[in-house]
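Everything below belongs to data_16.cif, which stores mmCIF, C-alpha atoms.
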```
data_model
#
loop_
_atom_site.label_atom_id
_atom_site.label_comp_id
_atom_site.auth_asym_id
_atom_site.auth_seq_id
_atom_site.Cartn_x
_atom_site.Cartn_y
_atom_site.Cartn_z
CA MET A 25 183.05 66.89 -13.97
CA SER A 26 183.11 66.57 -10.22
CA CYS A 27 182.33 69.77 -8.32
CA ASN A 28 183.31 68.54 -4.88
CA TRP A 29 185.67 70.98 -3.28
CA LEU A 30 186.67 72.53 -0.01
CA VAL A 31 188.39 75.84 0.43
CA SER A 32 189.25 77.17 3.84
CA LYS A 33 190.93 80.27 5.28
CA LEU A 34 190.65 82.22 2.08
CA CYS A 35 191.80 85.62 3.13
CA ARG A 36 194.45 87.38 5.06
CA PRO A 37 193.94 88.49 8.67
CA GLY A 38 191.56 91.40 8.90
CA PHE A 39 189.09 89.93 6.45
CA ALA A 40 186.54 87.19 6.87
CA SER A 41 187.86 83.68 6.85
CA LEU A 42 185.83 81.63 4.44
CA GLN A 43 184.94 77.98 4.35
CA LEU A 44 183.27 76.84 1.16
CA THR A 45 181.80 73.40 0.81
CA ARG A 46 180.49 72.68 -2.67
CA LEU A 47 178.45 69.54 -3.20
CA SER A 48 178.39 67.68 -6.49
CA GLY A 49 175.60 68.92 -8.73
CA ARG A 50 174.86 72.04 -6.72
CA ARG A 51 174.01 75.04 -8.80
CA PRO A 52 176.28 78.10 -8.42
CA SER A 53 173.31 80.17 -7.28
CA GLN A 54 173.05 77.92 -4.23
CA LEU A 55 176.65 78.55 -3.25
CA CYS A 56 175.94 81.29 -0.70
CA ARG A 57 173.65 78.98 1.23
CA SER A 58 176.51 76.45 1.56
CA ILE A 59 179.04 79.05 2.70
CA SER A 60 180.19 79.17 6.28
CA LEU A 61 181.71 82.59 6.69
CA MET A 62 183.19 83.25 10.09
CA PRO A 63 185.79 85.93 10.81
CA VAL A 64 188.95 84.58 12.37
CA GLY A 65 188.73 85.21 16.10
CA SER A 66 185.04 86.17 16.07
CA SER A 67 184.39 83.95 19.12
CA SER A 68 187.52 85.04 20.97
CA ARG A 69 187.20 86.70 24.37
CA VAL A 70 189.81 88.05 26.74
CA VAL A 71 189.83 86.24 30.09
CA SER A 72 192.59 88.26 31.75
CA VAL A 73 195.51 90.54 31.01
CA GLU A 74 198.88 91.25 32.59
CA LEU A 75 200.85 94.45 32.08
CA LYS A 76 204.48 93.59 31.43
CA GLU A 77 207.38 95.95 30.85
CA ARG A 78 207.09 96.07 27.03
CA ASP A 79 204.12 93.83 26.24
CA LEU A 80 200.52 93.24 27.18
CA PHE A 81 199.99 89.58 28.05
CA ILE A 82 196.51 88.35 27.04
CA ASN A 83 194.81 85.12 28.10
CA TRP A 84 192.08 84.02 25.68
CA ASN A 85 188.96 82.01 26.44
CA ASP A 86 190.34 78.98 24.55
CA SER A 87 193.27 78.76 27.03
CA SER A 88 195.76 80.20 24.54
CA SER A 89 197.71 83.38 25.19
CA VAL A 90 199.71 86.03 23.39
CA ASP A 91 202.17 88.84 24.17
CA LEU A 92 201.33 92.00 22.22
CA PRO A 93 203.90 94.83 22.25
CA TYR A 94 202.52 98.14 23.50
CA VAL A 95 204.00 99.86 20.46
CA PHE A 96 201.94 97.54 18.22
CA LEU A 97 198.78 98.39 20.13
CA ARG A 98 199.40 102.13 20.04
CA ASP A 99 200.35 101.95 16.36
CA ASN A 100 197.07 100.20 15.54
CA CYS A 101 194.76 102.37 17.63
CA GLN A 102 191.35 102.47 15.94
CA GLU A 103 190.09 105.68 17.54
CA PRO A 104 189.07 108.51 15.14
CA VAL A 105 191.98 110.72 16.19
CA SER A 106 194.42 108.01 15.13
CA PHE A 107 192.56 106.17 12.37
CA ASP A 108 190.31 107.51 9.61
CA GLN A 109 187.18 105.36 9.72
CA SER A 110 186.22 106.13 6.14
CA ALA A 111 189.59 105.70 4.43
CA LYS A 112 190.64 102.89 6.82
CA GLN A 113 194.07 104.48 7.17
CA ARG A 114 196.29 105.83 9.95
CA LEU A 115 196.30 109.57 10.60
CA PHE A 116 199.62 110.05 12.37
CA ASN A 117 203.30 110.20 11.51
CA PRO A 118 205.22 107.59 13.56
CA ALA A 119 208.37 109.72 13.46
CA PHE A 120 206.73 112.22 15.80
CA THR A 121 203.92 110.31 17.50
CA VAL A 122 204.82 106.80 18.61
CA ASP A 123 207.19 106.31 21.53
CA LEU A 124 208.99 102.98 21.12
CA SER A 125 209.20 102.62 24.90
CA ILE A 126 205.52 103.38 25.46
CA LYS A 127 203.72 101.37 28.13
CA ALA A 128 200.02 101.19 28.94
CA LYS A 129 198.99 103.03 32.08
CA GLU A 130 195.84 100.97 32.56
CA VAL A 131 193.97 98.18 30.73
CA ASP A 132 190.31 97.34 31.33
CA VAL A 133 188.56 94.20 30.08
CA LYS A 134 184.98 95.09 29.20
CA GLU A 135 181.80 93.63 27.70
CA ASP A 136 182.44 90.17 29.10
CA GLY A 137 185.87 89.96 27.48
CA ARG A 138 184.78 91.24 24.08
CA GLN A 139 186.62 94.55 24.38
CA LEU A 140 189.87 95.95 25.74
CA VAL A 141 190.23 99.61 26.70
CA ILE A 142 193.83 100.78 27.02
CA THR A 143 194.67 104.07 28.71
CA TRP A 144 198.04 105.53 27.73
CA PRO A 145 200.30 107.82 29.82
CA ASP A 146 199.06 110.94 27.96
CA GLY A 147 195.44 110.07 28.77
CA HIS A 148 194.55 108.87 25.26
CA GLN A 149 192.41 105.72 25.17
CA SER A 150 192.45 102.93 22.58
CA ARG A 151 189.50 100.56 22.33
CA PHE A 152 189.99 97.17 20.71
CA GLU A 153 187.38 94.55 19.97
CA SER A 154 188.72 91.19 21.09
CA ALA A 155 187.75 89.67 17.74
CA TRP A 156 189.84 92.30 15.94
CA LEU A 157 192.90 91.59 18.09
CA ALA A 158 192.50 87.84 17.66
CA ARG A 159 192.07 88.19 13.92
CA TYR A 160 195.28 90.13 13.46
CA CYS A 161 197.56 88.42 15.94
CA ARG A 162 196.34 84.85 15.49
CA GLY A 163 195.20 84.62 11.88
CA LYS A 164 197.43 83.26 9.15
CA SER A 165 198.70 85.70 6.58
CA SER A 166 199.73 85.25 2.97
CA LEU A 167 203.03 87.11 2.69
CA SER A 168 202.50 87.57 -1.04
CA GLY A 169 199.02 89.06 -0.82
CA ARG A 170 197.58 86.04 -2.63
CA LEU A 171 194.28 84.64 -1.48
CA ALA A 172 195.10 81.83 0.91
CA VAL A 173 193.34 79.12 -1.05
CA GLU A 174 194.77 75.63 -1.20
CA PRO A 175 196.51 75.35 -4.60
CA TYR A 176 195.41 72.58 -6.94
CA TYR A 177 198.30 71.38 -9.11
CA TRP A 178 197.44 69.43 -12.23
CA GLY A 179 198.83 67.36 -15.07
CA SER A 180 197.70 65.76 -18.30
CA ASP A 181 194.35 64.55 -16.91
CA TYR A 182 193.16 68.10 -16.17
CA CYS A 183 190.84 68.47 -19.18
CA ASP A 184 188.14 66.42 -17.46
CA LYS A 185 188.68 68.21 -14.14
CA MET A 186 188.91 71.79 -15.33
CA PRO A 187 186.41 74.11 -13.56
CA ARG A 188 183.75 75.40 -15.95
CA PHE A 189 181.62 78.50 -15.57
CA ASP A 190 178.63 79.96 -17.34
CA PHE A 191 179.30 83.46 -18.69
CA ASN A 192 175.79 84.73 -17.99
CA LYS A 193 175.93 83.59 -14.38
CA LEU A 194 179.31 85.25 -13.93
CA MET A 195 177.73 88.48 -15.13
CA THR A 196 174.70 88.29 -12.85
CA GLU A 197 175.46 86.14 -9.78
CA GLU A 198 177.89 87.25 -7.09
CA ASP A 199 178.40 83.74 -5.72
CA SER A 200 179.30 82.39 -9.16
CA LEU A 201 181.74 85.25 -9.70
CA LEU A 202 183.38 84.61 -6.32
CA GLU A 203 183.77 80.92 -7.08
CA TYR A 204 185.31 81.80 -10.45
CA LEU A 205 187.88 84.12 -8.87
CA LEU A 206 188.83 81.58 -6.20
CA LYS A 207 189.16 78.76 -8.72
CA LEU A 208 191.32 80.98 -10.87
CA GLU A 209 193.61 81.47 -7.86
CA SER A 210 193.70 77.82 -6.80
CA HIS A 211 193.69 76.02 -10.17
CA GLY A 212 195.19 78.60 -12.50
CA LEU A 213 193.13 77.61 -15.56
CA VAL A 214 189.34 77.68 -15.99
CA LEU A 215 186.91 77.52 -18.90
CA VAL A 216 184.04 79.96 -19.38
CA GLU A 217 181.19 78.74 -21.58
CA SER A 218 178.14 80.30 -23.26
CA VAL A 219 180.11 83.46 -24.00
CA GLY A 220 178.68 83.65 -27.52
CA THR A 221 180.57 84.80 -30.60
CA GLU A 222 179.95 88.51 -30.24
CA SER A 223 183.08 90.63 -30.19
CA ARG A 224 184.39 92.20 -26.94
CA GLN A 225 182.44 89.94 -24.61
CA MET A 226 185.51 89.52 -22.41
CA LYS A 227 185.59 93.27 -21.81
CA LYS A 228 182.23 92.90 -20.05
CA LEU A 229 183.66 90.30 -17.68
CA CYS A 230 186.76 92.41 -17.04
CA ASP A 231 184.61 95.43 -16.27
CA ARG A 232 182.54 93.35 -13.86
CA ILE A 233 185.73 92.76 -11.87
CA ALA A 234 187.85 95.83 -12.59
CA PHE A 235 189.41 96.68 -15.96
CA PRO A 236 191.71 95.21 -18.65
CA LYS A 237 195.43 95.89 -18.67
CA PRO A 238 196.75 97.90 -21.61
CA THR A 239 199.84 96.62 -23.43
CA VAL A 240 201.89 97.52 -26.50
CA TYR A 241 199.54 95.24 -28.46
CA GLY A 242 196.31 96.99 -27.51
CA PHE A 243 194.46 99.14 -25.02
CA ASP A 244 191.97 96.51 -23.87
CA VAL A 245 190.73 93.76 -26.23
CA MET A 246 193.25 92.51 -28.80
CA LYS A 247 192.66 90.42 -31.90
CA VAL A 248 194.45 87.08 -32.36
CA GLU A 249 194.48 86.28 -36.05
CA SER A 250 197.07 85.44 -38.66
CA LYS A 251 198.37 88.38 -40.64
CA PRO A 252 201.30 89.22 -42.94
CA ASN A 253 204.57 90.27 -41.31
CA PRO A 254 203.29 89.70 -37.75
CA SER A 255 204.86 91.46 -34.77
CA HIS A 256 204.57 88.18 -32.84
CA ILE A 257 204.54 84.55 -33.97
CA ALA A 258 201.21 84.18 -32.17
CA TYR A 259 199.77 86.06 -35.15
CA SER A 260 201.11 83.49 -37.63
CA GLY A 261 200.20 79.87 -38.28
CA VAL A 262 203.46 78.29 -37.11
CA GLU A 263 203.45 76.15 -33.99
CA LEU A 264 203.48 78.32 -30.89
CA PRO A 265 205.54 76.61 -28.16
CA LEU A 266 204.56 76.78 -24.50
CA HIS A 267 205.29 80.16 -22.98
CA ASN A 268 204.16 82.95 -20.64
CA ASP A 269 203.05 86.23 -22.16
CA PHE A 270 204.80 89.52 -21.41
CA VAL A 271 207.85 88.11 -19.69
CA TYR A 272 209.59 91.05 -21.38
CA TYR A 273 207.66 93.35 -19.00
CA ASP A 274 208.93 94.01 -15.48
CA TYR A 275 205.35 93.62 -14.25
CA THR A 276 204.13 90.55 -16.10
CA SER A 277 200.41 90.41 -16.86
CA GLY A 278 198.59 88.47 -14.15
CA ILE A 279 195.92 86.61 -16.08
CA GLN A 280 194.96 86.18 -19.71
CA LEU A 281 191.44 85.85 -21.10
CA LEU A 282 191.21 84.22 -24.54
CA HIS A 283 187.78 84.16 -26.23
CA PHE A 284 187.32 82.10 -29.39
CA ILE A 285 184.93 83.54 -31.96
CA HIS A 286 185.83 81.39 -34.97
CA GLN A 287 187.77 78.15 -35.05
CA LEU A 288 189.43 76.03 -37.72
CA PRO A 289 187.85 72.68 -38.68
CA GLY A 290 189.38 69.41 -37.55
CA PRO A 291 190.46 68.10 -34.14
CA THR A 292 194.06 69.32 -34.00
CA ALA A 293 194.63 72.37 -36.23
CA GLY A 294 195.23 75.34 -33.98
CA ALA A 295 194.53 73.31 -30.82
CA SER A 296 195.38 75.04 -27.54
CA ARG A 297 198.02 73.61 -25.22
CA PHE A 298 198.48 74.30 -21.53
CA CYS A 299 200.77 73.20 -18.74
CA ASP A 300 200.86 73.89 -15.00
CA GLY A 301 204.31 75.49 -14.83
CA ILE A 302 204.51 75.48 -11.04
CA ASN A 303 203.72 71.77 -10.93
CA VAL A 304 206.45 71.08 -13.48
CA ALA A 305 208.94 73.23 -11.55
CA GLN A 306 208.18 71.26 -8.39
CA GLU A 307 208.72 68.01 -10.26
CA LEU A 308 212.04 69.31 -11.59
CA ARG A 309 213.12 70.08 -8.03
CA THR A 310 212.34 66.48 -7.04
CA ARG A 311 214.10 64.94 -10.03
CA ASN A 312 217.09 67.24 -10.32
CA PRO A 313 217.64 69.72 -7.45
CA ALA A 314 220.75 71.14 -9.12
CA ALA A 315 218.79 71.98 -12.28
CA PHE A 316 216.04 73.59 -10.20
CA ASP A 317 218.61 75.72 -8.36
CA MET A 318 220.19 76.80 -11.63
CA LEU A 319 216.86 78.08 -12.97
CA SER A 320 215.76 79.70 -9.72
CA GLN A 321 219.00 81.51 -8.86
CA TYR A 322 219.83 83.34 -12.09
CA PRO A 323 217.53 85.71 -14.01
CA ILE A 324 217.58 85.69 -17.80
CA GLN A 325 216.76 88.27 -20.43
CA PHE A 326 213.49 88.50 -22.37
CA VAL A 327 212.96 90.95 -25.24
CA ASP A 328 210.21 91.91 -27.65
CA VAL A 329 210.75 94.42 -30.45
CA GLY A 330 208.28 95.37 -33.15
CA THR A 331 205.48 97.61 -34.32
CA ASP A 332 201.88 97.32 -33.19
CA TYR A 333 199.13 99.26 -31.41
CA ILE A 334 201.35 101.99 -29.94
CA GLY A 335 203.67 102.09 -32.94
CA ASP A 336 207.29 101.00 -32.55
CA TYR A 337 208.15 99.34 -29.25
CA ASP A 338 211.24 97.81 -27.64
CA THR A 339 210.54 95.99 -24.38
CA GLU A 340 213.03 94.14 -22.19
CA SER A 341 213.03 92.57 -18.75
CA TRP A 342 214.88 89.96 -16.73
CA HIS A 343 213.13 87.20 -14.79
CA PHE A 344 214.00 83.97 -13.01
CA PRO A 345 212.72 81.01 -15.06
CA ILE A 346 211.52 79.64 -11.72
CA SER A 347 210.56 82.08 -8.96
CA VAL A 348 210.58 81.07 -5.30
CA ASP A 349 209.61 82.95 -2.15
CA LYS A 350 211.58 83.27 1.08
CA ASN A 351 210.30 79.87 2.19
CA GLY A 352 211.56 78.25 -1.00
CA ASP A 353 208.06 77.64 -2.37
CA VAL A 354 207.60 78.05 -6.12
CA THR A 355 205.49 81.12 -6.88
CA GLY A 356 205.70 81.32 -10.66
CA VAL A 357 207.58 80.60 -13.85
CA ALA A 358 208.89 82.78 -16.68
CA TYR A 359 209.39 80.81 -19.87
CA SER A 360 209.23 82.01 -23.47
CA ASN A 361 211.90 80.55 -25.68
CA HIS A 362 210.93 82.70 -28.66
CA SER A 363 211.28 85.87 -26.54
CA ARG A 364 214.41 84.83 -24.65
CA GLY A 365 217.26 87.27 -25.25
CA PRO A 366 220.90 86.35 -25.93
CA HIS A 367 222.38 87.96 -22.82
CA PHE A 368 223.06 86.21 -19.53
CA PRO A 369 224.16 87.52 -16.12
CA SER A 370 227.93 87.72 -15.84
CA LEU A 371 227.88 85.33 -12.87
CA LEU A 372 226.28 82.69 -15.08
CA MET A 373 228.73 82.84 -17.97
CA ASP A 374 231.01 80.10 -16.62
CA LYS A 375 227.99 77.89 -15.88
CA LEU A 376 226.23 78.07 -19.24
CA HIS A 377 226.64 74.34 -20.04
CA ASP A 378 224.89 73.47 -16.80
CA TRP A 379 222.28 76.17 -17.36
CA TYR A 380 221.35 74.89 -20.82
CA ALA A 381 221.11 71.34 -19.48
CA ALA A 382 218.73 72.54 -16.75
CA TYR A 383 216.72 74.68 -19.17
CA TYR A 384 216.31 71.85 -21.68
CA GLU A 385 215.28 69.41 -18.97
CA PHE A 386 212.64 71.90 -17.80
CA SER A 387 211.47 72.32 -21.41
CA HIS A 388 211.22 68.57 -22.03
CA LEU A 389 209.34 68.04 -18.79
CA MET A 390 206.66 70.66 -19.48
CA ASN A 391 206.04 69.17 -22.92
CA SER A 392 205.84 65.59 -21.66
CA ARG A 393 202.70 63.47 -21.70
CA ASP A 394 202.51 63.73 -17.90
CA TYR A 395 201.98 67.49 -17.80
CA LEU A 396 200.77 68.78 -21.19
CA ILE A 397 197.09 69.09 -22.05
CA GLU A 398 195.75 69.86 -25.54
CA PHE A 399 192.19 70.59 -26.59
CA LYS A 400 190.30 72.61 -29.15
CA VAL A 401 188.62 75.63 -27.63
CA GLN A 402 185.29 76.02 -29.40
CA PRO A 403 183.64 79.23 -30.62
CA GLY A 404 181.73 80.79 -27.74
CA GLN A 405 184.18 79.47 -25.14
CA MET A 406 186.81 81.44 -23.26
CA VAL A 407 189.86 80.13 -21.43
CA VAL A 408 191.14 82.20 -18.52
CA PHE A 409 194.46 81.41 -16.89
CA ASN A 410 197.16 82.58 -14.52
CA ASN A 411 199.85 83.95 -16.80
CA VAL A 412 202.65 83.60 -14.21
CA ARG A 413 201.79 79.96 -13.51
CA VAL A 414 200.22 78.38 -16.58
CA LEU A 415 202.21 78.05 -19.80
CA HIS A 416 200.21 78.11 -23.01
CA GLY A 417 200.75 77.48 -26.71
CA ARG A 418 199.05 75.96 -29.73
CA SER A 419 199.56 73.55 -32.58
CA GLU A 420 200.43 74.59 -36.12
CA PHE A 421 197.67 75.42 -38.58
CA LYS A 422 197.21 76.48 -42.18
CA MET A 423 194.36 78.57 -43.52
CA THR A 424 192.71 77.34 -46.68
CA GLY A 425 189.70 78.76 -48.46
CA ASN A 426 187.24 80.32 -46.05
CA ASP A 427 188.68 78.56 -42.99
CA TYR A 428 190.24 80.81 -40.39
CA ARG A 429 190.98 81.04 -36.68
CA TYR A 430 189.94 84.17 -34.82
CA ALA A 431 190.07 84.90 -31.10
CA GLU A 432 190.20 87.94 -28.87
CA LEU A 433 192.32 88.32 -25.78
CA CYS A 434 192.95 90.73 -22.98
CA TYR A 435 194.84 90.77 -19.70
CA MET A 436 194.18 91.68 -16.10
CA ASP A 437 196.41 92.07 -13.06
CA TRP A 438 196.08 90.00 -9.92
CA ASP A 439 195.82 93.00 -7.61
CA GLU A 440 192.39 93.94 -8.95
CA ILE A 441 191.22 90.32 -9.11
CA ARG A 442 192.16 89.59 -5.50
CA SER A 443 190.66 92.88 -4.39
CA LYS A 444 187.34 91.95 -5.99
CA ALA A 445 187.44 88.50 -4.37
CA ARG A 446 187.98 90.01 -0.91
CA VAL A 447 185.13 92.47 -1.45
CA LEU A 448 182.81 89.63 -2.48
CA MET A 449 183.85 87.56 0.53
CA LYS A 450 183.13 90.40 2.93
CA SER A 451 179.82 91.08 1.19
CA SER A 452 178.84 87.40 1.47
CA PHE A 453 179.67 87.41 5.16
CA HIS A 454 177.55 90.49 5.88
CA ALA A 455 174.65 89.05 3.84
CA LEU A 456 174.56 86.04 6.16
CA GLN A 457 174.37 88.10 9.35
#
```

Using structure tokens, write down the structure that the file contains.
Amino acid sequence: MSCNWLVSKLCRPGFASLQLTRLSGRRPSQLCRSISLMPVGSSSRVVSVELKERDLFINWNDSSSVDLPYVFLRDNCQEPVSFDQSAKQRLFNPAFTVDLSIKAKEVDVKEDGRQLVITWPDGHQSRFESAWLARYCRGKSSLSGRLAVEPYYWGSDYCDKMPRFDFNKLMTEEDSLLEYLLKLESHGLVLVESVGTESRQMKKLCDRIAFPKPTVYGFDVMKVESKPNPSHIAYSGVELPLHNDFVYYDYTSGIQLLHFIHQLPGPTAGASRFCDGINVAQELRTRNPAAFDMLSQYPIQFVDVGTDYIGDYDTESWHFPISVDKNGDVTGVAYSNHSRGPHFPSLLMDKLHDWYAAYYEFSHLMNSRDYLIEFKVQPGQMVVFNNVRVLHGRSEFKMTGNDYRYAELCYMDWDEIRSKARVLMKSSFHALQ
């Protein structure tokens, strides 16, 4: 598997911008030595300033310029009286502190353009490092809070390209863990090997990052095995169609970790199936814009009722089968035919024929040879995937004699994962100073 990759501008303004160049065959432990970590704006200097009526006009040393409102500068004052240096949080109430018509009394460019000192009408002074100002007013921001990695969309040839990681290195090497988190963001599906067949190994990886997400099916690690009268068809041997988990929750689980401890014999029985849902949604938009609009403009109902870890439960939520942001970019999918409820929004009732046509086209496309991958996850391997992007399922199987299929799974949320990635990026930057 080729390991050539380039990731640039990995974090939002205010954190280090990261460029990672990985050469084929390079060991993960060498990753830090191939990282070029440079904060956005770290080389920026102020050449001159001009006090305007409502804005401070700044000329930078690269011949660019920017108008920064005085209210923005006063609001973001970094002095201890305005900003707690330990908590990294503001200390004032804007309802009583910030004057919307405020104007700087005086601005001094110091330290050869590396610092601005602003004196306000009340005598208070705000000091800004030029690199800080450049980072926040010139850097690119991810409006969703996602790490700004370049997404890698994939189809049926992904098995040979899937990023693979060694469990022991993830547990001991910071650079390997950072690469894992970034690949999870960009690719959506990775394989962790050398996990072993000991129970609750995934809990160790979750704890290394943050913590598992509790659900109605379990507090942390849940068992995936066939059983009588299952609360979910995943716990039976029937074919499990492609789906997202927990679409019947308002806050859908961010990622799923699935560790195989025992597997059925043969090449196809209980084989795992995956599909890049965002890639399929984008293809649907190209092929049939009307179908894409139908699935991205109306939410549908998902339900799950049963008895499990917490006792009786009755969960329900509504999601768009295809989610888009304000720019129209696809951000996720919500698809689970076995958990789809019977109710539709009232505005959709006179469009149901068109909706079903769009839904079936989406379903056929994700199951097509162009987008579906199928492989047998072996004991000691763990698949980890983005639950709001990657659809998963498995083939039918029957248990005979001593043959059985046993896996463990747990979930995590993206907030903790992205937080850990940002911490590791900042730590890597400081280690190189």

Residue contacts of range 211-218 of chain A (7 Å, only C-alpha atoms) excluding same-chain residues fewer than 3 positions away, as a PyMOL selection string
chain A and resi 175-177+186-191+207-208+404-410+413-414

Find the distance between CA of Asn426 in chain A and CA of Phe284 in chain A and write it in Å to one decimal.
16.8 Å

Output of the PyMOL selection byres ((chain A and resi 234) around 9), listed as number ranges by chain:
A: 229-233, 235-236, 436, 440-441, 444

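Computed from the coordinates, the CA of Ser452 in chain A to CA of Leu202 in chain A distance equals 9.4 Å.
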
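Rounded to one decimal, CA of Leu372 in chain A and CA of Phe326 in chain A lie 15.8 Å from each other.
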
Which neighbours of range 100-110 of chain A fall inside 12 Å, counting all atoms listed in the file, when residues of the same chain fewer than 5 positions from it are skipped, and could you give them as a list in words?
Leu92, Pro93, Tyr94, Val95, Leu115, Phe116, Asn117, Pro118, Thr121, Val122, Leu140, Val141, Ile142, Thr143, Trp144, His148, Gln149, Ser150, Arg151, Phe152, Glu153, Trp156, Leu157, Tyr160 and Cys161 of chain A

Find the residues near Glu209 in chain A: any atom within 9 Å, counting all atoms listed in the file, skip ones fewer than 5 places away on the same chain, and give them as a list in words.
Arg170, Leu171, Ala172, Val173, Glu174, Pro175, Tyr204, Asn410 and Arg442 of chain A

Nearest-residue call for Ser68 in chain A, choices A:Ile285, A:Val447, A:Val248, A:Ala158, using only C-alpha atoms
A:Ala158

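The shortest atom-to-atom distance to Thr221 in chain A, with all atoms listed in the file taken into account, belongs to A:Glu432 out of A:Glu307, A:Asp91, A:Asp146, A:Glu432.
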
Using only C-alpha atoms, which of the listed residues (A:Leu194, A:Ala155, A:Leu80, A:Ala305) sits closest to Val348 in chain A?
A:Ala305

Counting all atoms listed in the file, the option among A:Tyr182, A:Arg78, A:Ala315, A:Arg69 closest to Glu135 in chain A:
A:Arg69

Evaluate the PyMOL selection byres ((chain A and resi 366) around 10) and report residues as a PDB file with C-alpha atoms, in the coordinates of the input:
```
ATOM      1  CA  ILE A 324     217.580  85.690 -17.800  1.00  0.00           C
ATOM      2  CA  GLN A 325     216.760  88.270 -20.430  1.00  0.00           C
ATOM      3  CA  PHE A 326     213.490  88.500 -22.370  1.00  0.00           C
ATOM      4  CA  VAL A 327     212.960  90.950 -25.240  1.00  0.00           C
ATOM      5  CA  SER A 363     211.280  85.870 -26.540  1.00  0.00           C
ATOM      6  CA  ARG A 364     214.410  84.830 -24.650  1.00  0.00           C
ATOM      7  CA  GLY A 365     217.260  87.270 -25.250  1.00  0.00           C
ATOM      8  CA  HIS A 367     222.380  87.960 -22.820  1.00  0.00           C
ATOM      9  CA  PHE A 368     223.060  86.210 -19.530  1.00  0.00           C
TER      10      PHE A 368
END
```

Find the residues around range 238-244 of chain A up to 8 Å (all atoms listed in the file counted), leave out those fewer than 3 positions away in its own chain, and share them as a ChimeraX atom specification.
/A:227,332-334,337,434-435

Explicit residue set for the PyMOL selection byres ((chain A and resi 412) around 9), as a ChimeraX atom specification
/A:268-269,271,276-279,301-302,355-358,409-411,413-415

Can you spit out the residues from that selection as an mmCIF file, keeping the file's coordinate frame, using C-alpha atoms?
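Generated file (result-v3.cif):
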```
data_model
loop_
_atom_site.group_PDB
_atom_site.id
_atom_site.type_symbol
_atom_site.label_atom_id
_atom_site.label_comp_id
_atom_site.auth_asym_id
_atom_site.auth_seq_id
_atom_site.Cartn_x
_atom_site.Cartn_y
_atom_site.Cartn_z
ATOM 1 C CA ASN A 268 204.160 82.950 -20.640
ATOM 2 C CA ASP A 269 203.050 86.230 -22.160
ATOM 3 C CA VAL A 271 207.850 88.110 -19.690
ATOM 4 C CA THR A 276 204.130 90.550 -16.100
ATOM 5 C CA SER A 277 200.410 90.410 -16.860
ATOM 6 C CA GLY A 278 198.590 88.470 -14.150
ATOM 7 C CA ILE A 279 195.920 86.610 -16.080
ATOM 8 C CA GLY A 301 204.310 75.490 -14.830
ATOM 9 C CA ILE A 302 204.510 75.480 -11.040
ATOM 10 C CA THR A 355 205.490 81.120 -6.880
ATOM 11 C CA GLY A 356 205.700 81.320 -10.660
ATOM 12 C CA VAL A 357 207.580 80.600 -13.850
ATOM 13 C CA ALA A 358 208.890 82.780 -16.680
ATOM 14 C CA PHE A 409 194.460 81.410 -16.890
ATOM 15 C CA ASN A 410 197.160 82.580 -14.520
ATOM 16 C CA ASN A 411 199.850 83.950 -16.800
ATOM 17 C CA ARG A 413 201.790 79.960 -13.510
ATOM 18 C CA VAL A 414 200.220 78.380 -16.580
ATOM 19 C CA LEU A 415 202.210 78.050 -19.800
#
```

Mind checking which residues fall within 10 Å of Pro289 in chain A, counting all atoms listed in the file, ignoring those fewer than 6 positions away in the same chain, and posting them as an MDAnalysis selection string?
chainID A and resid 400 427:429

Here's a test: counting all atoms listed in the file, identify every protein, DNA and RNA residue with an atom at most 9 Å from (193.1, 69.6, -36.2) in the file's coordinate frame, and state them as a ChimeraX atom specification.
/A:288-295,400,419-421

Taking (211.5, 69.0, -20.7) in the file's coordinates as the center, which residues reach within 12 Å of it, counting all atoms listed in the file, put as an MDAnalysis selection string?
chainID A and resid 266 299 301 304:305 307:308 311:312 315 380:396
